[in-house]
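Listing of structure27.cif; format and content: mmCIF, C-alpha atoms.
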data_target
loop_
_atom_site.label_atom_id
_atom_site.label_comp_id
_atom_site.auth_asym_id
_atom_site.auth_seq_id
_atom_site.Cartn_x
_atom_site.Cartn_y
_atom_site.Cartn_z
CA MET A 19 0.00 0.00 0.00
CA ASP A 20 1.42 3.35 -1.10
CA THR A 21 0.77 6.04 1.52
CA THR A 22 3.17 8.66 0.26
CA SER A 23 1.88 12.06 -0.69
CA TYR A 24 3.22 14.96 -2.70
CA ARG A 25 2.61 18.51 -1.56
CA VAL A 26 3.39 21.88 -3.15
CA THR A 27 2.78 24.98 -1.04
CA ALA A 28 3.12 28.64 -2.00
CA GLY A 29 1.37 31.83 -1.01
CA LEU A 30 0.67 35.51 -1.16
CA LEU A 31 1.97 37.82 1.57
CA PHE A 32 0.39 41.10 2.65
CA LEU A 33 2.24 43.53 4.92
CA ASN A 34 -1.01 45.07 6.08
CA GLY A 35 -3.96 43.14 7.47
CA ARG A 36 -6.34 41.82 4.84
CA ASP A 37 -9.67 40.02 4.90
CA PHE A 38 -10.75 37.69 2.11
CA ASP A 39 -14.07 36.48 0.78
CA MET A 40 -13.16 32.81 0.88
CA ALA A 41 -16.19 31.77 -1.20
CA ALA A 42 -15.17 34.17 -3.99
CA LEU A 43 -11.58 32.89 -3.86
CA VAL A 44 -12.78 29.28 -4.08
CA CYS A 45 -14.82 30.14 -7.18
CA ARG A 46 -11.90 31.96 -8.79
CA VAL A 47 -9.38 29.18 -8.09
CA GLY A 48 -11.87 26.57 -9.32
CA GLU A 49 -12.39 28.51 -12.56
CA THR A 50 -8.64 28.83 -13.07
CA LEU A 51 -8.17 25.10 -12.54
CA GLU A 52 -10.89 24.36 -15.08
CA ARG A 53 -9.26 26.74 -17.60
CA LEU A 54 -6.09 24.70 -17.13
CA GLY A 55 -7.97 21.54 -18.07
CA THR A 56 -8.43 20.13 -14.57
CA ARG A 57 -11.90 18.87 -13.72
CA VAL A 58 -13.08 20.26 -10.38
CA THR A 59 -15.21 17.78 -8.46
CA GLU A 60 -15.87 19.70 -5.25
CA ARG A 61 -15.56 23.24 -3.88
CA ARG A 62 -16.00 23.63 -0.14
CA CYS A 63 -15.43 26.44 2.35
CA LEU A 64 -14.66 24.78 5.66
CA SER A 65 -14.40 28.10 7.55
CA ASP A 66 -13.62 31.77 6.96
CA GLU A 67 -9.95 30.79 6.87
CA LEU A 68 -9.90 27.40 5.15
CA ALA A 69 -11.30 26.02 1.89
CA VAL A 70 -10.71 22.90 -0.21
CA ILE A 71 -11.13 22.37 -3.92
CA ARG A 72 -11.00 18.74 -5.00
CA THR A 73 -10.09 17.59 -8.48
CA GLY A 74 -9.56 14.18 -9.99
CA ASP A 75 -5.79 14.61 -9.69
CA PHE A 76 -5.19 16.52 -6.45
CA ASP A 77 -6.72 18.60 -3.68
CA CYS A 78 -6.14 22.34 -3.53
CA ARG A 79 -6.29 23.93 -0.09
CA LEU A 80 -6.63 27.67 0.49
CA GLN A 81 -5.70 28.88 3.95
CA HIS A 82 -5.84 32.41 5.35
CA ASP A 83 -3.09 32.71 7.98
CA GLY A 84 -2.14 35.41 10.42
CA PRO A 85 1.24 37.09 10.81
CA CYS A 86 4.41 35.40 9.63
CA ASP A 87 8.02 36.49 9.93
CA LEU A 88 10.30 35.65 7.00
CA ALA A 89 14.00 36.47 6.68
CA ARG A 90 13.66 38.49 3.46
CA LEU A 91 10.98 40.80 4.82
CA ALA A 92 11.95 43.87 6.81
CA ARG A 93 8.85 43.41 8.96
CA PRO A 94 6.46 40.50 9.43
CA ALA A 95 3.64 40.07 6.95
CA GLU A 96 0.35 40.54 8.79
CA THR A 97 -1.64 38.31 6.46
CA ARG A 98 -0.77 35.30 4.36
CA LEU A 99 -2.93 33.39 1.87
CA MET A 100 -1.44 29.96 1.34
CA LEU A 101 -2.24 27.56 -1.50
CA THR A 102 -1.38 23.89 -1.14
CA LEU A 103 -1.73 21.25 -3.83
CA LEU A 104 -1.77 17.76 -2.33
CA ARG A 105 -1.79 14.43 -4.09
CA GLU A 106 -1.76 11.07 -2.43
CA GLY A 107 0.42 8.36 -3.90
CA GLY A 108 3.72 8.54 -5.71
CA LEU A 109 4.12 10.87 -8.66
CA PRO A 110 6.30 10.66 -11.72
CA SER A 111 8.63 13.65 -12.06
CA ALA A 112 6.49 15.09 -14.89
CA ASP A 113 3.58 15.38 -12.46
CA HIS A 114 5.79 17.20 -9.91
CA ARG A 115 6.58 19.81 -12.57
CA ARG A 116 2.92 19.99 -13.62
CA MET A 117 1.80 20.66 -10.04
CA GLN A 118 4.39 23.43 -9.73
CA ALA A 119 3.15 24.91 -13.01
CA VAL A 120 -0.45 24.73 -11.78
CA ILE A 121 0.36 26.49 -8.51
CA ALA A 122 2.29 29.15 -10.45
CA HIS A 123 -0.79 29.76 -12.61
CA LEU A 124 -3.01 29.99 -9.53
CA LEU A 125 -0.67 32.45 -7.83
CA ALA A 126 -0.33 34.54 -11.01
CA ASP A 127 -4.11 34.76 -11.32
CA LEU A 128 -4.68 35.62 -7.65
CA GLN A 129 -1.85 38.13 -7.40
CA GLY A 130 -3.32 40.01 -10.34
CA VAL A 131 -6.57 40.45 -8.40
CA LEU A 132 -5.45 40.67 -4.77
CA ALA A 133 -2.24 42.71 -5.31
CA PRO A 134 -0.10 41.16 -2.55
CA ASP A 135 3.13 42.76 -1.42
CA TYR A 136 5.10 39.53 -1.86
CA VAL A 137 4.75 36.04 -3.30
CA GLN A 138 6.19 33.15 -1.32
CA TRP A 139 7.25 30.41 -3.72
CA THR A 140 7.36 26.69 -2.90
CA ASP A 141 10.53 27.12 -0.84
CA PRO A 142 9.60 29.14 2.28
CA ASP A 143 12.78 31.22 1.88
CA ALA A 144 11.96 32.09 -1.75
CA VAL A 145 10.06 35.34 -1.33
CA LEU A 146 9.56 37.54 -4.39
CA THR A 147 8.03 40.96 -4.82
CA ARG A 148 4.90 41.09 -6.93
CA ASP A 149 6.91 42.53 -9.85
CA GLU A 150 9.65 39.90 -9.53
CA PHE A 151 7.07 37.13 -9.60
CA ARG A 152 5.26 38.62 -12.59
CA ALA A 153 8.56 38.95 -14.49
CA ALA A 154 9.44 35.35 -13.66
CA VAL A 155 6.20 33.80 -14.83
CA VAL A 156 4.71 35.97 -17.56
CA GLY A 157 5.49 34.68 -21.01
CA THR A 158 7.87 31.94 -19.91
CA ALA A 159 7.85 28.35 -21.01
CA ALA A 160 8.01 27.46 -17.31
CA LEU A 161 4.23 27.69 -17.21
CA PRO A 162 2.97 25.27 -19.82
CA VAL A 163 -0.77 25.39 -20.23
CA PRO A 164 -2.13 21.86 -20.60
CA GLU A 165 -3.95 21.31 -23.84
CA ARG A 166 -7.67 21.47 -23.44
CA VAL A 167 -9.75 18.94 -25.14
CA ALA A 168 -12.32 20.67 -27.30
CA PRO A 169 -15.81 19.96 -26.04
CA LYS A 170 -17.99 17.86 -28.26
CA VAL A 171 -20.37 19.92 -30.27
CA ARG A 172 -23.84 18.89 -29.33
CA ARG A 173 -26.37 19.12 -32.06
CA ARG A 174 -30.00 19.38 -31.31
CA LYS A 175 -31.98 16.44 -32.46
CA ARG A 176 -34.22 17.55 -35.21
CA LEU A 177 -37.75 16.40 -34.83
CA PRO A 178 -39.46 15.05 -37.92
CA ASP A 179 -41.84 17.28 -39.76
CA VAL A 180 -45.33 17.10 -38.24
CA GLU A 181 -47.01 16.69 -41.64
CA SER A 182 -44.88 13.71 -42.64
CA VAL A 183 -45.44 12.00 -39.25
CA TYR A 184 -49.19 12.59 -39.54
CA ALA A 185 -49.21 11.19 -43.06
CA GLY A 186 -47.29 8.13 -41.85
CA LEU A 187 -49.77 7.49 -39.07
#

Rewrite the structure from the file as structure tokens, please.
Amino acid sequence: MDTTSYRVTAGLLFLNGRDFDMAALVCRVGETLERLGTRVTERRCLSDELAVIRTGDFDCRLQHDGPCDLARLARPAETRLMLTLLREGGLPSADHRRMQAVIAHLLADLQGVLAPDYVQWTDPDAVLTRDEFRAAVVGTAALPVPERVAPKVRRRKRLPDVESVYAGL
């Protein structure tokens, strides 16, 4: 029985206190995951500070934390929004890179809306300013967008002409 798990955690740091509408964030993250070709199976706010989005491949956890003190910051960040992607079972190395790409997409989308002061990458000591993060991810091949399968075009069934059905009866 394989009980190993793979976890990628990154976040957005705010020097000033910040409140979040967790339900709105869950919807936004879910939409971003679906744009990336990941099927979302469940969206759930567990509290004002914790939410989980389940997909077929992994779970995405959003957590609103209080103050944190990091070496790169001159003063502690008062608010931190952490994203964690968690997958049970062993992963091939391609999936490790994919999960890092997914979390980078999620952070890029959220930082464009929430305007954090800093972005904390998957290594807790890797703290970037918003501009440094944007420069690192925008337009790079480091963020491959998975190909989306085009949805099947559904055609309406055409009902037979009433006159011909009546004549047949």

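Nearest residue to A:Leu80 among A:Val120, A:Thr27, A:Thr97, A:Gln138 is A:Thr27, counting only C-alpha atoms.
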
Handout entry: Evaluate the PyMOL selection byres ((chain A and resi 35-46) around 6) and report residues as a PyMOL selection string
Key = chain A and resi 34+47-49+96-97

Residue subset to file, keeping C-alpha atoms, as a compact mmCIF listing (two decimals), in the frame of the given file:
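See again19.txt below for the written result:
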# COMPACT_ATOMS: atom_id res chain seq x y z
CA ASN A 34 -1.01 45.07 6.08
CA VAL A 47 -9.38 29.18 -8.09
CA GLY A 48 -11.87 26.57 -9.32
CA GLU A 49 -12.39 28.51 -12.56
CA GLU A 96 0.35 40.54 8.79
CA THR A 97 -1.64 38.31 6.46

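Checking A:Cys63, A:Leu33, A:Ile71, A:Ala28 one by one against A:Asp135, counting all atoms listed in the file, you find the shortest gap at A:Leu33.
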
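Coordinates place atom CA of A:Arg152 at a distance of 9.7 Å from atom CA of A:Val137.
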
Exercise for the section: Go through A:Trp139, A:Phe32, A:Phe76, A:Tyr184 and flag the residue nearest A:Leu91, using all atoms listed in the file for the distances. Expected result: A:Phe32

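Note on the selection: in this file the PyMOL selection byres ((chain A and resi 81) around 7) comes out as Glu67, Leu68, Ala69, Arg79, Leu80, His82, Asp83, Leu99, Met100 and Leu101 of chain A.
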
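Across the chains present, the PyMOL selection byres ((chain A and resi 58) around 12) applied to this file returns Val44, Cys45, Arg46, Val47, Gly48, Glu49, Thr50, Leu51, Glu52, Arg53, Leu54, Gly55, Thr56, Arg57, Thr59, Glu60, Arg61, Arg62, Val70, Ile71, Arg72, Thr73, Gly74, Asp75, Phe76, Asp77 and Cys78 of chain A.
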
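Atom CA of A:Asp143 is positioned 7.2 Å from atom CA of A:Leu88.
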
Around stretch 65-78 of chain A, with edges along x, y and z and 3 Å added on all six sides, what centre and edge lengths do you get, in Å to one decimal, as lines of an AutoDock Vina configuration file?
center_x = -9.8
center_y = 23.0
center_z = -1.2
size_x = 15.2
size_y = 23.6
size_z = 23.5
